[in-house]
Each structure stands twice: as structure tokens, then as C-alpha cells.
Amino acid sequence: MIRTQQLFKKYQDGVSETIVLKHLDLEIQTGEFVAIIGPSGAGKSTLLYQLSLLDKPTSGEIWLDEVRTSELSEVEKTTMRLNKFGYVFQDYALLPELTATENVMLPILMQGVEHHEAQKKAERALSRIGLGDKTKSLPSQLSGGEQQRVSIARAIAHDPLILFADEPTANLDSANGRVVMDAFSEIHDEKQTIVMVTHEPEYAKRAHRVITLKDGRIVKDERGG
Amino acid sequence: MKKIIERKREWLRALRVGWFLALRQIKRSNKGTTALIIFIMILTFLNLVVVSGLLLGLISGSFEQYRKSYSGEVIITPAQGRDYIENSQALITFLEYHPQITNLSARHGVNVQLLGTLNDNPKKNERPNRVSGRLMGIDPIQEEATTNFSKYVKYGSNLNPNEEGYILIGATLLKKYSTYADANIPGFDFLDNVDVGSRVRVTIPASDGEIAKDFIVKGIVKSKVDEVSTRMFVLDKELKRLLPVNKEQYQEIAIRTDYANAPALASAIKGFMGSYAARIQTSDEAIPSFLRDIETTMGVLGNALSSIALIVASITIFIVVFINAITKRKFIGIMKGIGIKPLAVELSYVFQAIFYGLAGSAIGLLLTFGMLKPYFSANPIDFPFSDGILVVTPWSAGIRVAILILVTILAGFIPAKIIVRKNTLDSILGR
């Protein structure tokens, strides 16, 4: 489904150069739940940004099915992010002026769905992750765990091909972290492809495939139960 | 074709999402900040409309006074090179039966000399206490109905149709009341020691000598219109008897009608009279051209000040939107990250800017038409040559609202564009 070919990324700051990803070859199939782990600075988040088309690799290629993403314009990439991807950010990334439902509705509206239908879809997504009673709450009225679940609802409401999650439990206590991970497990049970970056081995075990990065290289790629 | 339809669809979606975001951001933003921005927009609107409106109003006030206190909506005077309006009586009959004329005042007029001190016996090298001026014969009842004349009799009292031997003198002719008296302008004489109750002598030149008659000053007429305050007034029937010739012919006829109807009425009168017999003008045509020049200058000045107000407004909106967008840069990045089109985000800021512009303009319009315009109509600004009013029409205000909104759209769009075009990932990560 998504495949990288000699993916290379370096950051240049004046004369100093930092190589973050070193010619990675990786393939993720439909329906997989992949956890990317590794020490700080290993390049986990950078890899996620490349895969999710939020950033451009310095060289190498990313293929989404038969689409060579380097050939896409910025507008086409935005459209692809809207229609094919879902995102869960570390710090929830909800818009403070929008209620839970409105936050979830936003990408659905952008897809051109009618307001009423978008609202119904958003409420369904919120109910699916156990927040059916918080639809009208603003982010400031929700706990961290609830906000992250709203973020998950936003990411899945428009039925994306791949759900990307960047350290989704990093800002949560262990109880809320477990609730969020339960939500991911349930979503994956419904055949959702998930690519998650985490530094917590306990949560990585929930995935069926764990890729370990170190110094910009894949040092381990384990498939489990 | 398919591409065009798809682009149109994209635009509509962006509009819808932009509107969705803007509405919620306005609804849930800090109320104090919103009130402050709207307050600034109200001040900007007032600056646009009221400052230029008052500048124009200073001169338009003088036009209005000219019309109300002297000319009426249509004024008939002798044709070039003539001493009187030809066929005055037939014309009066025509006018009296014209359905669109509400009132008219026919005036005799003659150039006279007015001697202020009857026992005047100037010493050698001293000039007599005498001025030259225009003496008008009026029917006080007709004049009152046409120009509300008694309003301008500031000292003493108005003429009484049944009392002869009295005169009203324009304040500009009297040293005691004239605002020019201290200026010592060569050739500009004033009567000294003349006030209400004084006896004065009017001398009318005639082919066989002079006609002189004494009058008692009954009142002093003061107006910001020279045609009123530089003249003298007596009963028309009395002046008619004094006139040596052409007693049945008038020198001025002021006509009241509906203002909008004045050009049509003037044409109708021209059709009746022919252009050789009299000069028939609407009040707007009769206004001296230098006043029109002042009006143009005021208009230019008003537009210059309005432009400054517009620049201030655009900078205000620019700063507000820029700060708003820069503090939300992370969220803008997130929106772009999850696939919200940059255009939708930009439009959300444009809609917010339009809201501020519209709210400020709407309240500004209410204040202008509900409060300021009636206030200045009731309490005009006391300007030396006019009573300044606020000149603003729904049309001119509408144009200014449109300009303000246009500027607001630009001032909202540019900063939003600057922030939105920043790299998505950098915005999300706050780099």
C-alpha cells in the first residue's frame, strides 16, 4: 500500500548538516498496525512526516499504491492528506473554538459532504470511541485523554486509508494512555491501517508489527500477534 | 471544462469551510477584543463619512441657507442688461396658479443711498454718514411664507403690512452689527450710530432729480447670506409708490416648490416667459461659482482625509488579522496537515475581517443617520459664512461602506495569506 524506496532526509542548518533518515526501504500493507519505535533522535517522527506527506524527503521515493508522491503538487498532496490519511498528533491539535463534533466535522466538510451529513458522521465517530456524551464540549472542557480521543475520531471519521499517529500517548497519564491505545486497537480490529510512532514499548506491543529505528536506519522489523 | 467545474467545486467547499470556521471563531473569540475591533471600525467609518460630510456640510449649509432665506427653489431675476422682469404681472398670475408652487415672494428692488444721521453736517474732509445699498420692497406675509423672513430679524421687529414708514436694515451695513466693521476695507462703508429706532433717509436716484423719504429703523436683519444681510427692506407697496418708473415690474421673484421638482419648474417658467424676458434659475444654478469651487475643494479635502482613514483602517485590520493568524499559526498548520485547503483558512480570516467591517459600518450607519445627522440638522455648526450641517446620503454612505469592506477584505486576506503559506510542518511544530 505504502512503500519507500531509498528514503533519505537531511536537515541543513547553515554549514552543519544532520542526516536523519538513511536510505530507508519500507513497505506497509493494508490493514497493518505498525509501531515505529526507537530512541530520541532516531528519526521516528521524521519518517512519519515523510510517509504522511507532511514533509518532503531530500531524496528517495514514497509510493502510495501506484502513485509516486514526489510527482504530486502541494495541492494534490493536501487533497491526498484529506481523502486518504488521518492524523493523530501528540498534543491533540484540536481547534479551541470548535466543539468536539465541529472539530471532527471539519475534514468531512472539506470533502464536500453536506453539513447535516457531516455532523451525523462526526457524532457517529465520537460515539464509536465512547465520547457520544461530549459532542458539544469545547476542547477546554475535556480532559487530555478525551481530547486525544476526539483527535482520533477526527482522524477516522472520513474513513482514511491510513491513520498516522505521532506519539499519541506522550502527553497522557497511563490510565488515559491505555484508553487511547484501546481505541487504536478497536479501530485496527475494524481493518484500519495504522502507523504509530511511540517511545513506549508497552504500547508498541499492541501493534502487529514493530519497526525499530536507530540513527536513521531500520535496525529491527518484527511482526507479531 | 471538467477542470473548471472541479475548481468551482473546490472554491465552493473552501467558501463553506471558511464560513464555518469564521462563524465559530467570531462566536467564541474574546468578546472584549471583538468589541474593541468593532469600536475601531466604527470610528474609522465615522471618520470616513462624518469628517468629509461635515466639510461638505459647511458649504452645503450655505447653499441651503441661500435657498431657504433668499432664493427659494427657483429664483427669477431680470435678464442680462434689463432693470426688471418683463411682463411681471402676467408671470405672477401664471405662477400663482401653478400647482407645483407652494409659495412665492415678488420683490421690488432699487439701488439707493441711505443717510444715517439726518442732522448730519460733516466737517471739512469728513464723509457723510451714508452708505449705498439695495432697497427691497417686500410683502411681509408672502416673504414670511417663502423665506421665513422674521427669523432673520435679530434686533427690533419685523415689518407690519399695515404700518408704513418703517425700514429693516441688514446688519452688514451698520457699524454696530457688521462683522466687517473692524476690517477697515477701502470702499466698504458702514452707517454709524444707527440702531433700532433711529431715523434714516432713503434717496432714490431719478431722471429728474432724487426721491427722498425718511424711515424709522424697525429692525436689524442678520443672516449668513449676503443677499439678506447687505440689503434694506421696506413694505413693497410703499416702495412701489416711491419708484419713479416701472412700478408694476418686479426685480426678484423667489419661488418655493419641491426641491427635486425645481429644474422642471424652471423649464416650465422658461417655456412660459421665453429666455429674453427674465433670468430663471434654480437655487443651485444661482449659487455663485466661487462657492461651487469651495465645495469642490472641500470634497477633495474630505476625500484626502477619508483616504487617510482608510489607510488607518486597513492597517488596523491587517494588524488584527496578522496577530490573530500568527498566534494561531500552529492550528493553521494542523488544519493544512489534516487536509483543509489553504484557501479555506484564508477565507475564514477574510470572513472575520468582513464581519468586523460590516459590524463597524452598520453601527456607524445607525449613529450617522439615527443620531449625528439629525443632531447637526437641529444644531448646525456656527461657521462664519454658513450653518454647517452633516452632508451624507444613503448612496454616499453606501459607497464608503463598500470601499471600507473592500479595503477590509484586502487587509484581512494579505496577512492570512502570509501566515497560511508558511511550511505546514514548521507551523505544526512551531519552528
# chains A, B, ... in the order shown; residues from 1 in each chain; ligands from 1
>>> residues_around(residues="Val225 in chain B", least_positions_apart="5", cutoff="12 Å", atoms="only C-alpha atoms", output="list in words")
Ile59, Gly61, Ser62, Phe63, Glu64, Gln65, Tyr66, Arg67, Lys68, Ser69, Tyr70, Ser71, Tyr152, Gly170, Ala171, Thr172, Thr230, Arg231, Ile287, Pro288, Leu291, Pro384, Phe385, Ser386 and Asp387 of chain B
>>> interface_residues(of="chain A", to="chain B", cutoff="8 Å", atoms="only C-alpha atoms", output="number ranges by chain")
A: 54-55, 75, 78-83, 85-87, 93-95, 97-98, 106-107, 109-112
>>> closest_residue(among="B:Ser314, B:Gln251, B:Gln352, B:Ser178", to="Phe45 in chain B", atoms="only C-alpha atoms")
B:Ser314
>>> residues_around(residues="Ala359 in chain B", least_positions_apart="6", cutoff="9 Å", atoms="only C-alpha atoms", output="ChimeraX atom specification")
/B:38,41-42
>>> write_last_selection(atoms="C-alpha atoms", output="short mmCIF file (atom, residue, chain, number, x, y, z; two decimals), in the first residue's frame")
data_model
loop_
_atom_site.label_atom_id
_atom_site.label_comp_id
_atom_site.auth_asym_id
_atom_site.auth_seq_id
_atom_site.Cartn_x
_atom_site.Cartn_y
_atom_site.Cartn_z
CA ILE B 38 -15.65 46.80 16.10
CA MET B 41 -14.12 50.09 12.78
CA ILE B 42 -16.99 52.36 13.92
#
>>> residues_around(residues="Ala309 in chain B", least_positions_apart="3", cutoff="8 Å", atoms="only C-alpha atoms", output="PDB file with N, CA and C atoms, in the first residue's frame")
ATOM      1  N   THR B  44     -13.505  54.390  12.426  1.00  0.00           N
ATOM      2  CA  THR B  44     -12.999  54.527  11.052  1.00  0.00           C
ATOM      3  C   THR B  44     -14.127  54.928  10.117  1.00  0.00           C
ATOM      4  N   ASN B  47     -15.050  58.421  10.685  1.00  0.00           N
ATOM      5  CA  ASN B  47     -14.007  59.253  10.112  1.00  0.00           C
ATOM      6  C   ASN B  47     -14.202  59.393   8.600  1.00  0.00           C
ATOM      7  N   LEU B  48     -14.581  58.291   7.983  1.00  0.00           N
ATOM      8  CA  LEU B  48     -14.810  58.287   6.529  1.00  0.00           C
ATOM      9  C   LEU B  48     -16.001  59.146   6.150  1.00  0.00           C
ATOM     10  N   LEU B 305      -8.853  63.215   3.522  1.00  0.00           N
ATOM     11  CA  LEU B 305      -8.954  62.753   4.913  1.00  0.00           C
ATOM     12  C   LEU B 305      -9.528  61.339   4.968  1.00  0.00           C
ATOM     13  N   SER B 306     -10.496  61.059   4.082  1.00  0.00           N
ATOM     14  CA  SER B 306     -11.082  59.718   4.035  1.00  0.00           C
ATOM     15  C   SER B 306     -10.029  58.689   3.654  1.00  0.00           C
ATOM     16  N   VAL B 312      -5.619  53.958   7.728  1.00  0.00           N
ATOM     17  CA  VAL B 312      -5.590  53.592   9.148  1.00  0.00           C
ATOM     18  C   VAL B 312      -6.424  52.323   9.367  1.00  0.00           C
ATOM     19  N   ALA B 313      -7.602  52.280   8.731  1.00  0.00           N
ATOM     20  CA  ALA B 313      -8.483  51.113   8.894  1.00  0.00           C
ATOM     21  C   ALA B 313      -7.818  49.858   8.358  1.00  0.00           C
TER      22      ALA B 313
END
>>> closest_residue(among="A:Lys214, A:Lys220, A:Arg124, A:Lys84", to="Gly41 in chain A", atoms="only C-alpha atoms")
A:Lys214
>>> residues_around(residues="Lys22 in chain A", least_positions_apart="5", cutoff="10 Å", atoms="only C-alpha atoms", output="ChimeraX atom specification")
/A:6-10,43,59-60,215-218
>>> residues_around(residues="Lys120 in chain A", least_positions_apart="2", cutoff="12 Å", atoms="only C-alpha atoms", output="list in words")
Thr101, Glu102, Val104, Met105, Ile108, Leu109, Val113, Glu114, His115, His116, Glu117, Ala118, Ala122, Glu123, Arg124, Ala125, Leu126, Ser127, Gly132, Thr135, Ala157 and His158 of chain A
>>> closest_atom_pairs(of="range 111-192 of chain B", to="range 234-246 of chain B", cutoff="7 Å", atoms="only C-alpha atoms", output="CSV")
residue,atom,partner,partner_atom,distance
B:Met136,CA,B:Val234,CA,6.4
B:Gly137,CA,B:Asp236,CA,3.7
B:Ile138,CA,B:Asp236,CA,4.5
B:Asp139,CA,B:Asp236,CA,5.6
B:Pro161,CA,B:Leu235,CA,6.8
B:Glu164,CA,B:Glu238,CA,6.9
B:Tyr166,CA,B:Val234,CA,6.5
B:Ile167,CA,B:Val234,CA,4.9
B:Leu168,CA,B:Val234,CA,6.5
>>> write_last_selection(atoms="C-alpha atoms", output="short mmCIF file (atom, residue, chain, number, x, y, z; two decimals), in the first residue's frame")
data_model
loop_
_atom_site.label_atom_id
_atom_site.label_comp_id
_atom_site.auth_asym_id
_atom_site.auth_seq_id
_atom_site.Cartn_x
_atom_site.Cartn_y
_atom_site.Cartn_z
CA MET B 136 -36.04 95.79 -1.46
CA GLY B 137 -39.79 96.11 -1.26
CA ILE B 138 -41.37 93.03 0.25
CA ASP B 139 -44.79 91.82 1.24
CA PRO B 161 -48.13 95.07 6.47
CA GLU B 164 -45.76 102.33 6.78
CA TYR B 166 -40.50 101.67 8.73
CA ILE B 167 -37.35 100.06 7.37
CA LEU B 168 -35.28 96.97 8.20
#
>>> select_by_dssp(residues="range 30-128 of chain A", states="strand (DSSP E or B)", output="list in words")
Phe33, Val34, Ala35, Ile36, Ile37, Ser59, Gly60, Glu61, Ile62, Trp63, Leu64, Val67, Arg68, Phe85, Gly86, Tyr87 and Val88 of chain A
>>> select_by_dssp(residues="range 78-126 of chain A", states="alpha helix (DSSP H)", output="count of residues only")
30
>>> atom_distance(atom1="CA of Asn324 in chain B", atom2="CA of Ser137 in chain A")
23.0 Å
>>> residues_around(residues="range 29-38 of chain A", least_positions_apart="6", cutoff="10 Å", atoms="only C-alpha atoms", output="ChimeraX atom specification")
/A:1-3,44-45,47-48,65,161-167,184-185,187-201,203-216,218-223
>>> atom_distance(atom1="CA of Ile255 in chain B", atom2="CA of Lys224 in chain B")
20.0 Å
